[in-house]
Amino acid sequence: MKHLFLTLAFVTSMLLQAQTNQPATGLKYPAIKFEQPRFDFGTLHEGDVVTHVYKFKNTGNAPLIISKIKASCGCTVPSNWKKEPIMPGENSEFTVRFNTRNKIHKQHKTITIYCNTKNKTERVYFTANVIPDPKMEKQRAERRKRWMERRKLQKAKGHVKKQLFNKKLSFAKQDQVDSHKIDIKKLEWTKLKLEQKLKRYEHKHKANPSAKKIKRYKEKITKLKQQIKKEQEAIELLYKK
């Protein structure tokens with residue numbers, strides 16, 4: 001029994017040692033270390049086209065693969081990065097071209113590197129202070145003026161359209177009111193004729209009138225009164241809108 005216990009203890013210790021000595025292959029990642037992740041072009045004049053080379057090193061323990069590099073603005077174009085894997089310890093670089101046309105005063109740009117590092121993306125930055133070109137500044141001012149005039153005209157057109165729409169709407173309302181008024185006149189005329197007919201019947205058959213016939217006349221007159229009231233309420237509702 002003691003011999004069996006010692007054998008099991010020996011096997012367990014050997015297994016633990018083997019697990020400890022096993023390399024952690026799943027934790028290998030490349031890493032980028034830039035010589036200058038933030039660069040300042042300083043003072044530039046509008047129209048200048050400048051470039052900067054970002055140098056870096058793979059400080060990780062796996063090959064670095066860059067799939068693409070993208071800038072935050074169309075005025076900035078990255079290029080010349082290595083498409084093949086960059087091995088651990090190897091140096092590499094890529095170029096960024098910045099066109100200052102229509103990019104004036106203080107500029108802050110970001111370049112994103114899409115790669116197989118742990119974070120999946122890495123970023124570098126640059127700044128510049130661009131002095132506007134007087135001729136281009138004048139052109140921009142003229143464009144702004146034309147844009148403001150167009151916007152003002154569009155706003156005025158929109159206002160006129162709104163007025164016309166409201167006017168059409170008021171015309172439509174008036175048409176509905178007139179239609180209800182015509183219906184009221186028709187109903188009142190029919191009611192008046194029925195009332196006269198009822199009076200004639202009552203006068204003619206004064207000695208022996210039919211209660212059922214008189215009731216029918218009165219019911220029709222009451223119904224017409226209700227219809228006239230509904231038409232009047234509809235007109236009031238239109239005026240309230």
# chains A, B, ... in the order shown; residues from 1 in each chain; ligands from 1
>>> residues_around(residues="A:Thr112", least_positions_apart="4", cutoff="9 Å", atoms="only C-alpha atoms", output="MDAnalysis selection string")
chainID A and resid 68:72 121:125
>>> select_by_dssp(residues="stretch 122-212 of chain A", states="helix (DSSP H, G or I)", output="PyMOL selection string")
chain A and resi 134-204+211-212
>>> select_by_dssp(residues="stretch 87-213 of chain A", states="strand (DSSP E or B)", output="ChimeraX atom specification")
/A:91-99,105-115,121-131
>>> closest_residue(among="A:Arg97, A:Lys181, A:Lys218, A:Lys55", to="A:Arg38", atoms="only C-alpha atoms")
A:Lys55
>>> closest_residue(among="A:Ile32, A:Leu192, A:Ile111, A:Ile131", to="A:His52", atoms="only C-alpha atoms")
A:Ile111
>>> residues_around(residues="stretch 193-210 of chain A", least_positions_apart="2", cutoff="12 Å", atoms="only C-alpha atoms", output="VMD selection string")
chain A and resid 186 to 191 212 to 225
>>> atom_distance(atom1="atom CA of A:Leu44", atom2="atom CA of A:His108")
13.4 Å
>>> atom_distance(atom1="atom CA of A:Pro30", atom2="atom CA of A:Ala62")
4.7 Å
>>> closest_residue(among="A:Val49, A:Glu35, A:Asn91, A:Ile235", to="A:Asp175", atoms="only C-alpha atoms")
A:Ile235
>>> closest_residue(among="A:Lys28, A:His45, A:Lys229, A:Trp81", to="A:Ile113", atoms="only C-alpha atoms")
A:Trp81
>>> residues_around(residues="A:Gln176", least_positions_apart="5", cutoff="10 Å", atoms="only C-alpha atoms", output="PyMOL selection string")
chain A and resi 170-171+181-182+234-235+238
>>> write_last_selection(atoms="N, CA and C atoms", output="PDB file, in the first residue's frame")
ATOM      1  N   SER A 170     -56.476  76.475 -46.472  1.00  0.00           N
ATOM      2  CA  SER A 170     -57.599  77.327 -46.072  1.00  0.00           C
ATOM      3  C   SER A 170     -58.696  77.289 -47.138  1.00  0.00           C
ATOM      4  N   PHE A 171     -58.287  77.228 -48.428  1.00  0.00           N
ATOM      5  CA  PHE A 171     -59.267  77.100 -49.507  1.00  0.00           C
ATOM      6  C   PHE A 171     -60.043  75.798 -49.367  1.00  0.00           C
ATOM      7  N   LYS A 181     -72.693  73.989 -45.468  1.00  0.00           N
ATOM      8  CA  LYS A 181     -73.757  75.007 -45.469  1.00  0.00           C
ATOM      9  C   LYS A 181     -74.848  74.673 -46.497  1.00  0.00           C
ATOM     10  N   ILE A 182     -74.409  74.184 -47.662  1.00  0.00           N
ATOM     11  CA  ILE A 182     -75.378  73.774 -48.697  1.00  0.00           C
ATOM     12  C   ILE A 182     -76.240  72.624 -48.194  1.00  0.00           C
ATOM     13  N   ALA A 234     -69.957  70.242 -37.456  1.00  0.00           N
ATOM     14  CA  ALA A 234     -68.833  70.007 -38.383  1.00  0.00           C
ATOM     15  C   ALA A 234     -68.219  71.325 -38.835  1.00  0.00           C
ATOM     16  N   ILE A 235     -69.069  72.324 -39.091  1.00  0.00           N
ATOM     17  CA  ILE A 235     -68.583  73.653 -39.493  1.00  0.00           C
ATOM     18  C   ILE A 235     -67.786  74.295 -38.357  1.00  0.00           C
ATOM     19  N   LEU A 238     -64.327  72.769 -38.097  1.00  0.00           N
ATOM     20  CA  LEU A 238     -63.421  73.243 -39.154  1.00  0.00           C
ATOM     21  C   LEU A 238     -62.852  74.607 -38.824  1.00  0.00           C
TER      22      LEU A 238
END
>>> residues_around(residues="A:His105", least_positions_apart="3", cutoff="9 Å", atoms="only C-alpha atoms", output="number ranges by chain")
A: 128-132
>>> write_last_selection(atoms="N, CA and C atoms", output="PDB file, in the first residue's frame")
ATOM      1  N   ALA A 128      -0.021  70.067 -37.321  1.00  0.00           N
ATOM      2  CA  ALA A 128       0.578  71.106 -38.160  1.00  0.00           C
ATOM      3  C   ALA A 128      -0.220  72.385 -37.991  1.00  0.00           C
ATOM      4  N   ASN A 129       0.448  73.509 -38.194  1.00  0.00           N
ATOM      5  CA  ASN A 129      -0.223  74.804 -38.197  1.00  0.00           C
ATOM      6  C   ASN A 129      -0.088  75.372 -39.602  1.00  0.00           C
ATOM      7  N   VAL A 130      -1.222  75.438 -40.336  1.00  0.00           N
ATOM      8  CA  VAL A 130      -1.182  75.815 -41.753  1.00  0.00           C
ATOM      9  C   VAL A 130      -1.637  77.265 -41.912  1.00  0.00           C
ATOM     10  N   ILE A 131      -0.769  78.085 -42.503  1.00  0.00           N
ATOM     11  CA  ILE A 131      -1.097  79.496 -42.757  1.00  0.00           C
ATOM     12  C   ILE A 131      -1.912  79.571 -44.044  1.00  0.00           C
ATOM     13  N   PRO A 132      -3.102  80.184 -44.002  1.00  0.00           N
ATOM     14  CA  PRO A 132      -3.958  80.224 -45.201  1.00  0.00           C
ATOM     15  C   PRO A 132      -3.330  81.008 -46.346  1.00  0.00           C
TER      16      PRO A 132
END
>>> atom_distance(atom1="atom CA of A:Asp48", atom2="atom CA of A:Cys73")
16.2 Å
>>> residues_around(residues="A:Lys103", least_positions_apart="2", cutoff="9 Å", atoms="only C-alpha atoms", output="ChimeraX atom specification")
/A:46-47,75,99-101,105-107,130,132
